[in-house]
$ cat entry.cif   # mmCIF, C-alpha atoms
data_entry
loop_
_atom_site.label_atom_id
_atom_site.label_comp_id
_atom_site.auth_asym_id
_atom_site.auth_seq_id
_atom_site.Cartn_x
_atom_site.Cartn_y
_atom_site.Cartn_z
CA MET A 16 0.00 0.00 0.00
CA THR A 17 1.57 3.29 -1.06
CA ALA A 18 1.18 6.49 0.89
CA GLY A 19 -1.92 8.41 -0.08
CA THR A 20 -3.79 5.38 -1.38
CA GLN A 21 -7.28 5.21 0.06
CA ARG A 22 -7.57 2.18 2.26
CA ALA A 23 -10.61 -0.04 2.72
CA ALA A 24 -11.49 -3.17 4.68
CA VAL A 25 -12.24 -6.04 2.32
CA LEU A 26 -14.12 -9.24 3.16
CA CYS A 27 -11.89 -12.18 2.21
CA GLY A 28 -13.14 -15.14 4.26
CA LEU A 29 -16.43 -16.45 5.59
CA GLY A 30 -17.55 -19.36 7.75
CA GLY A 31 -20.03 -20.51 10.37
CA ALA A 32 -20.53 -23.17 13.03
CA LEU A 33 -23.55 -24.74 14.69
CA PRO A 34 -23.79 -27.10 17.67
CA ALA A 35 -24.41 -30.80 16.98
CA THR A 36 -27.90 -30.92 18.44
CA ALA A 37 -30.88 -29.70 16.39
CA VAL A 38 -34.13 -29.06 18.25
CA PRO A 39 -37.14 -29.32 15.92
CA ASN A 40 -40.43 -27.58 16.71
CA SER A 41 -41.92 -30.97 17.56
CA ALA A 42 -39.49 -31.32 20.49
CA LEU A 43 -40.62 -27.97 21.92
CA ALA A 44 -44.28 -28.92 21.38
CA ALA A 45 -43.71 -32.08 23.41
CA GLU A 46 -42.40 -30.03 26.33
CA LEU A 47 -44.25 -26.69 26.25
CA ASP A 48 -47.75 -25.39 25.49
CA THR A 49 -47.02 -24.77 21.79
CA THR A 50 -47.30 -26.44 18.38
CA ASP A 51 -45.20 -26.73 15.26
CA GLU A 52 -47.87 -24.73 13.39
CA TRP A 53 -47.93 -21.93 16.00
CA ILE A 54 -44.14 -21.54 15.82
CA ARG A 55 -43.94 -21.73 12.03
CA THR A 56 -46.75 -19.26 11.33
CA ARG A 57 -45.51 -16.69 13.87
CA THR A 58 -41.76 -16.97 13.31
CA GLY A 59 -40.97 -19.02 10.18
CA ILE A 60 -38.64 -21.22 12.27
CA ARG A 61 -38.62 -25.05 11.88
CA GLN A 62 -35.66 -25.88 14.12
CA ARG A 63 -32.81 -24.35 16.08
CA PHE A 64 -29.55 -25.74 17.50
CA VAL A 65 -28.43 -25.88 21.13
CA ILE A 66 -25.05 -26.55 22.74
CA ALA A 67 -24.44 -29.61 24.92
CA PRO A 68 -23.96 -29.31 28.70
CA GLY A 69 -20.46 -28.00 29.37
CA GLU A 70 -20.08 -26.29 25.99
CA ALA A 71 -19.77 -22.51 25.75
CA THR A 72 -19.87 -19.58 23.34
CA SER A 73 -16.10 -19.76 22.82
CA ASP A 74 -16.39 -23.34 21.50
CA LEU A 75 -18.69 -22.17 18.69
CA ALA A 76 -16.56 -19.06 18.11
CA VAL A 77 -13.42 -21.20 17.77
CA ALA A 78 -15.16 -23.65 15.38
CA ALA A 79 -16.38 -20.75 13.20
CA GLY A 80 -12.93 -19.12 13.49
CA ARG A 81 -11.15 -22.25 12.24
CA ARG A 82 -13.45 -22.44 9.24
CA VAL A 83 -13.11 -18.78 8.35
CA LEU A 84 -9.32 -18.77 8.67
CA GLU A 85 -9.21 -21.78 6.36
CA SER A 86 -11.56 -19.95 3.96
CA ALA A 87 -9.29 -16.90 3.93
CA ARG A 88 -6.17 -19.06 3.47
CA LYS A 89 -7.70 -20.81 0.47
CA ALA A 90 -8.71 -17.46 -1.02
CA ALA A 91 -5.17 -16.10 -0.57
CA GLY A 92 -3.62 -19.35 -1.82
CA ALA A 93 -0.90 -19.31 0.82
CA ASP A 94 0.04 -18.79 4.44
CA THR A 95 2.27 -15.74 4.56
CA GLU A 96 3.10 -12.80 6.77
CA GLU A 97 0.52 -10.91 4.73
CA THR A 98 -2.25 -13.34 5.70
CA ALA A 99 -1.56 -13.17 9.46
CA VAL A 100 -4.54 -11.98 11.51
CA ASP A 101 -3.58 -9.24 13.99
CA LEU A 102 -7.02 -8.46 15.46
CA VAL A 103 -9.86 -10.61 16.86
CA VAL A 104 -13.21 -8.95 17.58
CA LEU A 105 -15.93 -11.14 19.08
CA ALA A 106 -19.53 -9.91 19.17
CA THR A 107 -21.43 -11.72 21.92
CA SER A 108 -23.83 -11.09 24.77
CA THR A 109 -23.36 -14.59 26.19
CA PRO A 110 -19.62 -14.53 27.01
CA ASP A 111 -18.04 -17.59 28.66
CA HIS A 112 -17.68 -15.55 31.88
CA PRO A 113 -18.94 -12.13 33.08
CA CYS A 114 -15.23 -11.21 33.21
CA PRO A 115 -12.87 -11.32 31.30
CA ALA A 116 -13.83 -10.95 27.65
CA THR A 117 -14.02 -14.20 25.65
CA ALA A 118 -12.05 -13.00 22.59
CA PRO A 119 -8.52 -13.49 24.06
CA ALA A 120 -9.27 -17.17 24.87
CA VAL A 121 -10.72 -17.66 21.38
CA ALA A 122 -7.64 -16.03 19.83
CA ARG A 123 -5.31 -18.31 21.82
CA ARG A 124 -7.17 -21.46 20.77
CA LEU A 125 -6.91 -20.34 17.14
CA GLY A 126 -3.13 -19.98 17.47
CA LEU A 127 -3.34 -16.17 17.56
CA THR A 128 -1.84 -15.50 21.01
CA GLY A 129 -0.49 -11.97 21.14
CA VAL A 130 -2.98 -10.25 18.83
CA ALA A 131 -5.42 -7.53 19.93
CA ALA A 132 -8.61 -9.26 21.07
CA PHE A 133 -11.79 -7.92 22.66
CA ASP A 134 -15.55 -8.43 22.87
CA ILE A 135 -18.31 -6.17 21.63
CA GLY A 136 -21.80 -6.17 23.13
CA ALA A 137 -24.66 -4.95 20.98
CA VAL A 138 -26.83 -8.10 21.24
CA CYS A 139 -28.36 -8.90 17.84
CA THR A 140 -26.63 -5.89 16.22
CA GLY A 141 -23.29 -7.07 17.63
CA PHE A 142 -21.90 -8.43 14.38
CA VAL A 143 -22.53 -5.17 12.46
CA TYR A 144 -20.95 -3.17 15.29
CA ALA A 145 -17.95 -5.55 15.36
CA LEU A 146 -17.61 -5.35 11.58
CA ALA A 147 -17.64 -1.53 11.70
CA THR A 148 -15.07 -1.49 14.53
CA ALA A 149 -12.69 -3.89 12.80
CA ALA A 150 -13.09 -2.16 9.43
CA SER A 151 -12.38 1.22 11.02
CA MET A 152 -9.23 -0.14 12.70
CA ILE A 153 -8.07 -1.46 9.34
CA THR A 154 -8.72 1.79 7.48
CA ALA A 155 -7.01 3.70 10.32
CA GLY A 156 -3.96 1.46 9.99
CA THR A 157 -4.28 0.05 13.54
CA ALA A 158 -4.81 -3.47 12.16
CA ARG A 159 -4.02 -5.18 8.87
CA ARG A 160 -6.16 -8.26 9.00
CA ALA A 161 -9.08 -8.92 11.35
CA LEU A 162 -11.07 -11.95 12.38
CA VAL A 163 -14.61 -10.78 13.20
CA ILE A 164 -16.82 -13.35 14.93
CA GLY A 165 -20.45 -13.19 16.02
CA ALA A 166 -21.27 -15.98 18.48
CA ASP A 167 -24.01 -16.52 21.04
CA THR A 168 -25.51 -19.34 23.08
CA PHE A 169 -28.87 -17.96 24.16
CA SER A 170 -29.98 -21.45 25.19
CA THR A 171 -27.97 -20.74 28.36
CA ILE A 172 -30.03 -17.66 29.34
CA LEU A 173 -33.56 -18.54 28.17
CA ASP A 174 -36.34 -19.23 30.64
CA PRO A 175 -37.03 -22.97 30.15
CA ALA A 176 -40.78 -22.27 30.61
CA ASP A 177 -40.98 -19.40 28.06
CA ARG A 178 -42.47 -20.90 24.92
CA THR A 179 -41.90 -17.74 22.88
CA THR A 180 -38.17 -17.17 23.40
CA ARG A 181 -37.45 -20.92 23.44
CA ALA A 182 -39.02 -21.12 19.96
CA ILE A 183 -37.16 -18.14 18.52
CA PHE A 184 -33.56 -18.36 19.74
CA GLY A 185 -30.85 -20.84 18.82
CA ASP A 186 -27.10 -21.14 19.38
CA GLY A 187 -24.62 -20.47 16.59
CA ALA A 188 -21.59 -18.56 15.36
CA GLY A 189 -20.48 -16.97 12.12
CA ALA A 190 -17.29 -15.17 11.19
CA VAL A 191 -15.54 -13.20 8.48
CA VAL A 192 -11.95 -12.17 7.82
CA LEU A 193 -11.32 -8.58 6.75
CA ARG A 194 -8.06 -7.45 5.16
CA ALA A 195 -6.72 -4.07 4.10
CA GLY A 196 -7.41 -3.37 0.45
CA ASP A 197 -8.82 -0.98 -2.08
CA PRO A 198 -12.31 0.58 -1.96
CA ALA A 199 -12.91 -0.42 -5.60
CA GLU A 200 -12.38 -4.16 -4.97
CA PRO A 201 -15.30 -6.58 -4.62
CA GLY A 202 -15.78 -7.28 -0.91
CA ALA A 203 -14.77 -3.75 0.15
CA LEU A 204 -17.02 -2.45 2.92
CA LEU A 205 -18.45 0.72 1.41
CA GLY A 206 -20.03 2.30 4.47
CA PHE A 207 -21.82 1.84 7.77
CA ASP A 208 -24.76 3.28 9.62
CA LEU A 209 -24.84 2.65 13.39
CA GLY A 210 -27.26 3.87 16.05
CA SER A 211 -28.82 3.30 19.47
CA ASP A 212 -31.67 4.34 21.75
CA GLY A 213 -31.27 3.47 25.43
CA ALA A 214 -34.90 4.44 26.12
CA GLY A 215 -35.75 0.92 24.93
CA GLU A 216 -33.26 -0.95 27.14
CA GLU A 217 -36.01 -2.85 28.96
CA LEU A 218 -37.56 -4.26 25.78
CA ILE A 219 -34.73 -6.80 25.44
CA THR A 220 -32.93 -7.65 28.68
CA VAL A 221 -31.60 -10.05 31.29
CA PRO A 222 -32.63 -8.04 34.39
CA ALA A 223 -30.27 -9.66 36.93
CA GLY A 224 -26.61 -10.63 37.07
CA GLY A 225 -25.09 -7.21 36.40
CA SER A 226 -23.91 -4.47 38.75
CA ARG A 227 -27.41 -2.96 39.16
CA GLN A 228 -28.65 -6.14 40.82
CA ARG A 229 -25.40 -7.46 42.35
CA SER A 230 -24.71 -4.22 44.25
CA THR A 231 -27.87 -4.90 46.29
CA ALA A 232 -26.29 -8.14 47.60
CA THR A 233 -29.79 -9.66 47.45
CA PRO A 234 -30.30 -12.83 45.43
CA PRO A 235 -32.49 -11.97 42.44
CA PRO A 236 -35.84 -13.63 41.81
CA GLU A 237 -35.36 -16.69 39.58
CA ARG A 238 -37.14 -15.09 36.59
CA ASP A 239 -34.80 -12.06 36.59
CA ARG A 240 -31.88 -14.33 35.70
CA TYR A 241 -33.45 -15.10 32.35
CA PHE A 242 -33.63 -13.25 29.06
CA THR A 243 -36.91 -11.43 28.44
CA MET A 244 -38.23 -9.72 25.36
CA GLN A 245 -41.38 -7.67 24.75
CA GLY A 246 -42.24 -9.27 21.45
CA ARG A 247 -44.72 -6.92 19.77
CA ALA A 248 -42.89 -3.71 20.69
CA VAL A 249 -39.59 -5.28 19.56
CA PHE A 250 -41.20 -6.36 16.27
CA ASN A 251 -42.31 -2.78 15.58
CA GLU A 252 -38.97 -1.21 16.53
CA ALA A 253 -36.96 -3.84 14.63
CA VAL A 254 -38.79 -3.21 11.36
CA LEU A 255 -38.63 0.59 11.64
CA SER A 256 -35.00 0.70 12.79
CA MET A 257 -33.63 -1.72 10.19
CA SER A 258 -35.49 -0.11 7.30
CA LYS A 259 -34.53 3.43 8.37
CA SER A 260 -30.89 2.43 8.91
CA ALA A 261 -30.82 0.72 5.51
CA GLU A 262 -32.25 3.82 3.81
CA THR A 263 -29.77 6.10 5.61
CA LEU A 264 -26.82 4.00 4.45
CA LEU A 265 -28.12 3.68 0.88
CA ALA A 266 -28.41 7.47 0.63
CA ARG A 267 -24.91 7.90 2.09
CA ILE A 268 -23.22 5.60 -0.44
CA GLY A 269 -25.38 6.60 -3.40
CA TRP A 270 -27.14 3.27 -3.99
CA ARG A 271 -30.82 2.98 -4.78
CA GLY A 272 -32.87 0.41 -2.85
CA ALA A 273 -34.19 -1.02 -6.11
CA ASP A 274 -30.60 -1.87 -7.17
CA LEU A 275 -29.98 -4.14 -4.17
CA ASP A 276 -29.51 -7.77 -5.16
CA ARG A 277 -29.63 -9.12 -1.62
CA VAL A 278 -30.61 -7.84 1.81
CA VAL A 279 -29.14 -9.87 4.66
CA ALA A 280 -31.10 -8.69 7.67
CA HIS A 281 -30.74 -10.01 11.20
CA GLN A 282 -32.65 -13.31 11.20
CA ALA A 283 -35.10 -12.37 13.96
CA ASN A 284 -38.42 -13.60 12.61
CA VAL A 285 -39.46 -14.20 9.01
CA ARG A 286 -42.36 -11.78 9.43
CA ILE A 287 -39.96 -9.04 10.55
CA LEU A 288 -37.86 -9.71 7.44
CA ARG A 289 -40.91 -9.49 5.16
CA ALA A 290 -42.05 -6.28 6.84
CA VAL A 291 -38.58 -4.77 6.30
CA ALA A 292 -38.84 -5.66 2.59
CA ASP A 293 -42.29 -3.99 2.54
CA GLN A 294 -40.92 -0.82 4.12
CA LEU A 295 -38.01 -0.72 1.65
CA GLY A 296 -40.33 -1.43 -1.29
CA LEU A 297 -38.33 -4.53 -2.22
CA PRO A 298 -39.67 -7.87 -3.44
CA GLU A 299 -39.33 -10.62 -0.83
CA ASP A 300 -37.03 -12.67 -3.07
CA ARG A 301 -34.22 -10.17 -2.35
CA LEU A 302 -34.19 -11.34 1.27
CA VAL A 303 -31.65 -13.91 2.39
CA ILE A 304 -33.46 -16.24 4.81
CA ASN A 305 -31.94 -19.11 6.77
CA LEU A 306 -33.74 -18.73 10.12
CA ASP A 307 -36.10 -21.56 9.21
CA ARG A 308 -33.21 -23.95 9.89
CA VAL A 309 -31.21 -22.13 12.60
CA GLY A 310 -33.61 -19.76 14.40
CA ASN A 311 -32.40 -16.40 15.74
CA THR A 312 -28.73 -16.90 16.63
CA VAL A 313 -28.28 -13.30 17.90
CA ALA A 314 -24.74 -12.07 17.01
CA GLY A 315 -24.17 -15.20 14.92
CA SER A 316 -27.18 -14.49 12.74
CA ILE A 317 -25.89 -12.27 9.92
CA PRO A 318 -22.58 -14.08 9.27
CA LEU A 319 -24.35 -17.48 9.46
CA ALA A 320 -26.91 -16.25 6.93
CA LEU A 321 -24.06 -15.00 4.71
CA ALA A 322 -22.27 -18.35 4.96
CA ASP A 323 -25.42 -20.30 4.07
CA ALA A 324 -26.28 -17.97 1.19
CA ALA A 325 -22.72 -18.01 -0.20
CA ALA A 326 -22.54 -21.81 0.02
CA ASP A 327 -25.84 -22.37 -1.81
CA GLY A 328 -25.24 -19.73 -4.50
CA THR A 329 -27.89 -17.25 -3.31
CA LEU A 330 -25.09 -14.68 -3.05
CA ARG A 331 -23.22 -14.28 -6.34
CA PRO A 332 -19.97 -12.41 -6.95
CA GLY A 333 -20.73 -8.79 -7.82
CA ASP A 334 -24.10 -8.69 -6.06
CA LYS A 335 -24.95 -5.45 -4.29
CA VAL A 336 -25.48 -6.62 -0.72
CA LEU A 337 -26.84 -4.74 2.27
CA LEU A 338 -26.50 -6.07 5.83
CA THR A 339 -28.82 -4.67 8.48
CA GLY A 340 -29.32 -5.57 12.12
CA PHE A 341 -31.36 -4.60 15.14
CA GLY A 342 -31.02 -5.68 18.75
CA GLY A 343 -31.10 -5.01 22.45
CA GLY A 344 -29.92 -1.65 23.70
CA LEU A 345 -31.76 -0.73 21.57
CA THR A 346 -29.17 -0.82 18.81
CA TRP A 347 -29.22 -0.96 15.04
CA GLY A 348 -26.73 -0.88 12.20
CA SER A 349 -26.18 -1.50 8.51
CA ALA A 350 -23.26 -2.17 6.17
CA ALA A 351 -22.94 -2.45 2.39
CA LEU A 352 -20.59 -4.25 0.03
CA ARG A 353 -20.32 -5.77 -3.42
CA TRP A 354 -20.15 -9.51 -2.90
CA PRO A 355 -16.67 -10.98 -3.47
CA ALA A 356 -16.07 -14.66 -4.12
CA PRO A 357 -14.87 -15.98 -0.76
CA TYR A 358 -14.28 -19.70 -0.40
CA VAL A 359 -16.95 -21.01 1.94
CA GLU A 360 -17.87 -24.46 3.15
CA PRO A 361 -21.52 -25.26 3.89
CA VAL A 362 -22.33 -24.89 7.61
CA ALA A 363 -23.23 -28.37 8.78
CA MET B 14 -49.96 13.36 1.14
CA PRO B 15 -53.58 14.11 0.05
CA THR B 16 -56.11 14.38 2.85
CA LEU B 17 -57.89 11.12 3.53
CA ALA B 18 -61.55 10.89 4.49
CA PRO B 19 -62.51 8.19 7.02
CA ALA B 20 -64.27 6.32 4.19
CA ASP B 21 -60.97 6.22 2.24
CA ILE B 22 -59.13 4.97 5.33
CA LYS B 23 -61.69 2.21 5.73
CA THR B 24 -61.27 1.12 2.11
CA ARG B 25 -57.46 1.07 2.45
CA LEU B 26 -57.52 -0.86 5.74
CA VAL B 27 -59.96 -3.46 4.43
CA THR B 28 -57.84 -3.90 1.29
CA LEU B 29 -54.64 -4.33 3.35
CA LEU B 30 -56.30 -6.82 5.70
CA SER B 31 -57.71 -8.93 2.88
CA GLU B 32 -54.78 -8.75 0.43
CA LYS B 33 -51.85 -8.88 2.85
CA PHE B 34 -53.30 -11.11 5.53
CA GLY B 35 -56.00 -13.06 3.68
CA LEU B 36 -58.80 -12.00 6.03
CA PRO B 37 -62.36 -12.31 4.62
CA GLU B 38 -63.55 -8.88 3.46
CA ASP B 39 -67.24 -9.65 4.05
CA GLU B 40 -66.61 -10.61 7.68
CA ILE B 41 -64.49 -7.50 8.28
CA LEU B 42 -67.24 -5.29 6.84
CA ALA B 43 -69.94 -7.17 8.76
CA GLY B 44 -68.32 -5.85 11.96
CA ALA B 45 -66.37 -8.86 13.25
CA THR B 46 -63.72 -8.00 15.85
CA PHE B 47 -60.09 -8.85 15.06
CA ASP B 48 -60.37 -11.53 17.75
CA GLU B 49 -63.35 -13.04 15.95
CA LEU B 50 -61.38 -13.00 12.68
CA ASP B 51 -58.92 -15.27 14.49
CA ILE B 52 -55.84 -13.16 13.72
CA ASP B 53 -52.59 -13.55 15.65
CA SER B 54 -51.29 -10.58 17.64
CA LEU B 55 -48.44 -9.81 15.21
CA ILE B 56 -50.90 -8.90 12.43
CA LEU B 57 -51.89 -5.72 14.29
CA VAL B 58 -48.22 -4.69 14.48
CA GLU B 59 -47.76 -5.51 10.78
CA LEU B 60 -50.91 -3.55 9.92
CA GLY B 61 -49.64 -0.54 11.89
CA LEU B 62 -46.35 -0.64 9.95
CA LEU B 63 -48.20 -0.82 6.62
CA VAL B 64 -50.43 2.12 7.62
CA ARG B 65 -47.29 4.11 8.38
CA LYS B 66 -45.72 3.18 5.06
CA GLU B 67 -48.79 3.56 2.84
CA LEU B 68 -50.81 6.31 4.54
CA GLY B 69 -47.98 8.15 6.30
CA ILE B 70 -49.80 7.86 9.64
CA VAL B 71 -47.71 6.81 12.64
CA LEU B 72 -49.34 4.38 15.08
CA ALA B 73 -47.72 3.27 18.33
CA GLU B 74 -47.52 -0.42 19.21
CA GLY B 75 -50.76 -1.13 21.09
CA ASP B 76 -52.90 1.53 19.35
CA LEU B 77 -54.70 -1.21 17.42
CA GLN B 78 -56.40 -3.71 19.75
CA SER B 79 -57.62 -7.21 18.99
CA SER B 80 -61.04 -6.30 20.46
CA PHE B 81 -61.52 -3.67 17.70
CA ARG B 82 -63.98 -3.84 14.83
CA ILE B 83 -62.94 -2.25 11.54
CA ASP B 84 -64.71 1.03 12.41
CA ASP B 85 -62.75 1.25 15.70
CA ALA B 86 -59.50 0.82 13.76
CA VAL B 87 -60.55 3.48 11.23
CA ALA B 88 -61.33 5.89 14.10
CA VAL B 89 -57.88 5.39 15.68
CA VAL B 90 -56.05 5.76 12.36
CA ALA B 91 -58.05 8.92 11.54
CA GLU B 92 -57.33 10.37 14.99
CA LYS B 93 -53.59 9.61 14.80
CA GLY B 94 -53.52 11.10 11.33
CA GLY B 95 -55.18 14.29 12.58
CA LEU B 96 -58.17 13.58 10.34
CA ALA B 97 -60.87 13.03 12.94
#

$ encode --input "entry.cif" --output "structure tokens"
Amino acid sequence: MTAGTQRAAVLCGLGGALPATAVPNSALAAELDTTDEWIRTRTGIRQRFVIAPGEATSDLAVAAGRRVLESARKAAGADTEETAVDLVVLATSTPDHPCPATAPAVARRLGLTGVAAFDIGAVCTGFVYALATAASMITAGTARRALVIGADTFSTILDPADRTTRAIFGDGAGAVVLRAGDPAEPGALLGFDLGSDGAGEELITVPAGGSRQRSTATPPPERDRYFTMQGRAVFNEAVLSMSKSAETLLARIGWRGADLDRVVAHQANVRILRAVADQLGLPEDRLVINLDRVGNTVAGSIPLALADAAADGTLRPGDKVLLTGFGGGLTWGSAALRWPAPYVEPVA
Amino acid sequence: MPTLAPADIKTRLVTLLSEKFGLPEDEILAGATFDELDIDSLILVELGLLVRKELGIVLAEGDLQSSFRIDDAVAVVAEKGGLA
């Protein structure tokens, strides 16, 4: 890179990982007051995956990390100094421990001891926030090559008796590698829109376990240890925030909505995705959808959807792609790129 | 945005409910409540978002209730749109 050349972060690897155990709707119907039809018509989800006892978020993050590093190596054709990752950013809101961050342990297990490594918490928007952070560090020259992982294991924080959240959320991880490159290359991240509104912090929350509750030194009620979500209000905010964020970014980079080949929105609920397409005036076939098979995997959702869509040919090189997410905080964010041709293995 | 009369709002809402959600137009017009039409609770959120997009009228989550008949929904949309 010569002095004065404009620098961009370029997507050059992609991969995902899911736990071994799939939980079909029928298994939830056998345990809770729900049915396969109720879950499918309200969410579009057929199954989700859950980790085994003793597994943790880092195990999925490492599995996705191994795949994505292999993907980036195959794309580069060699292992060289130039392909060495020097930054690991992990988006998660289910870290292995409340303290420390999970990213350093993930980096070590991937053979990356010594690199900068930290977690980012923006719940379901976490991956977009992590992508923007890593891309900004690359364009600033602070990092050359970044591993960006979104990984969550919400099965560990769901109320076992809550038929709604049990149906929606699943465990999973997805990851990309970003490298320094040129803004004109396919895969270059062309812009971001990020935002938040703390007035909605109680719409998506685990009430207990943080300093607010622990400083009281009183054990919290059992239900406060679990994740809660106010479904209808979240639905409304998710649709409005993602579509507004998408429109803001499109205007900023000079793309028209009608030119988008694919929209990869956070896989929250198929009806949220369709409503976002309605708001953007886009036909539903522009939406990438994989939540039917994996559920809502929180920070893992967007990179897992990318990995599935790249593996099955839904994403083609050159496609104009918009990523958009919404999550607890409240937070939202979008990113845009022309799809490169990363090597990607199907996510088993 | 041209000014909408309540009768126009009613026509638009009935069209959205029948075309987007497959609800029977005759039963809506006969005064069935949303509950009686056997909708799920997300449809009212989706309807509110479509009203915002297509009529430019902003409804808050919860403004449309499942106990409403079509005329109740028209009244709320007209009020929120400053048309009542």

$ closest_atom_pairs --input "entry.cif" --of "chain B" --to "chain A" --cutoff "9 Å" --atoms "only C-alpha atoms" --output "tab-separated table"
residue	atom	partner	partner_atom	distance
B:Asp53	CA	A:Arg57	CA	7.9
B:Ser54	CA	A:Arg247	CA	7.8
B:Leu55	CA	A:Arg247	CA	6.6
B:Val58	CA	A:Asn251	CA	6.3
B:Glu59	CA	A:Ala290	CA	7.0
B:Gly61	CA	A:Asn251	CA	8.5
B:Leu62	CA	A:Asn251	CA	7.3
B:Leu63	CA	A:Gln294	CA	7.7
B:Lys66	CA	A:Gln294	CA	6.3
B:Ala73	CA	A:Asn251	CA	8.6
B:Glu74	CA	A:Ala248	CA	5.9
B:Gly75	CA	A:Ala248	CA	8.3

$ resolve_selection --input "entry.cif" --expression "the PyMOL selection byres ((chain A and resi 80) around 10)" --output "PyMOL selection string"
chain A and resi 29-32+73-79+81-86+103+121-122+124-125+162-165+188-192

$ resolve_selection --input "entry.cif" --expression "the PyMOL selection byres ((chain B and resi 23) around 10)" --output "ChimeraX atom specification"
/B:17-22,24-29,42,83-84,86-88,90-91

$ atom_distance --input "entry.cif" --atom1 "atom CA of Ile317 of chain A" --atom2 "atom CA of Ile304 of chain A"
10.0 Å

$ atom_distance --input "entry.cif" --atom1 "atom CA of Ala182 of chain A" --atom2 "atom CA of Ala37 of chain A"
12.4 Å

$ resolve_selection --input "entry.cif" --expression "the PyMOL selection byres ((chain A and resi 25) around 7)" --output "VMD selection string"
chain A and resid 23 to 24 26 to 27 193 to 196 202 to 204

$ atom_distance --input "entry.cif" --atom1 "atom CA of Thr168 of chain A" --atom2 "atom CA of Ala118 of chain A"
14.9 Å

$ closest_residue --input "entry.cif" --among "B:Ile70, B:Leu96, B:Ile52, B:Val64" --to "Leu36 of chain B" --atoms "all atoms listed in the file"
B:Ile52

$ residues_around --input "entry.cif" --residues "Val89 of chain B" --least-positions-apart "4" --cutoff "8 Å" --atoms "all atoms listed in the file" --output "list in words"
Asp76, Leu77, Asp85 and Lys93 of chain B

$ residues_around --input "entry.cif" --residues "Ser80 of chain B" --least-positions-apart "5" --cutoff "8 Å" --atoms "all atoms listed in the file" --output "ChimeraX atom specification"
/B:46-48

$ residues_near_point --input "entry.cif" --point "(-9.6, 1.6, -1.4)" --cutoff "7 Å" --atoms "all atoms listed in the file" --output "list of chain:residue names"
A:Thr20, A:Gln21, A:Arg22, A:Ala23, A:Gly196, A:Asp197, A:Pro198, A:Ala199

$ build_atoms --input "entry.cif" --residues "segment 204-215 of chain A" --atoms "N, CA and C atoms" --output "tab-separated table (two decimals), in the coordinates of the input"
chain	number	residue	atom	x	y	z
A	204	LEU	N	-15.90	-3.00	2.16
A	204	LEU	CA	-17.02	-2.45	2.92
A	204	LEU	C	-17.14	-0.98	2.57
A	205	LEU	N	-18.29	-0.60	2.02
A	205	LEU	CA	-18.45	0.72	1.41
A	205	LEU	C	-18.99	1.76	2.36
A	206	GLY	N	-19.52	1.33	3.50
A	206	GLY	CA	-20.03	2.30	4.47
A	206	GLY	C	-20.84	1.61	5.55
A	207	PHE	N	-21.05	2.35	6.63
A	207	PHE	CA	-21.82	1.84	7.77
A	207	PHE	C	-22.81	2.88	8.24
A	208	ASP	N	-23.89	2.42	8.82
A	208	ASP	CA	-24.76	3.28	9.62
A	208	ASP	C	-24.96	2.57	10.96
A	209	LEU	N	-24.67	3.25	12.06
A	209	LEU	CA	-24.84	2.65	13.39
A	209	LEU	C	-25.66	3.59	14.26
A	210	GLY	N	-26.49	3.01	15.15
A	210	GLY	CA	-27.26	3.87	16.05
A	210	GLY	C	-27.75	3.14	17.28
A	211	SER	N	-28.29	3.90	18.25
A	211	SER	CA	-28.82	3.30	19.47
A	211	SER	C	-29.87	4.19	20.10
A	212	ASP	N	-30.69	3.60	20.96
A	212	ASP	CA	-31.67	4.34	21.75
A	212	ASP	C	-31.90	3.62	23.07
A	213	GLY	N	-31.19	4.10	24.11
A	213	GLY	CA	-31.27	3.47	25.43
A	213	GLY	C	-32.63	3.56	26.09
A	214	ALA	N	-33.55	4.37	25.55
A	214	ALA	CA	-34.90	4.44	26.12
A	214	ALA	C	-35.59	3.08	26.03
A	215	GLY	N	-35.12	2.23	25.11
A	215	GLY	CA	-35.75	0.92	24.93
A	215	GLY	C	-34.98	-0.21	25.60
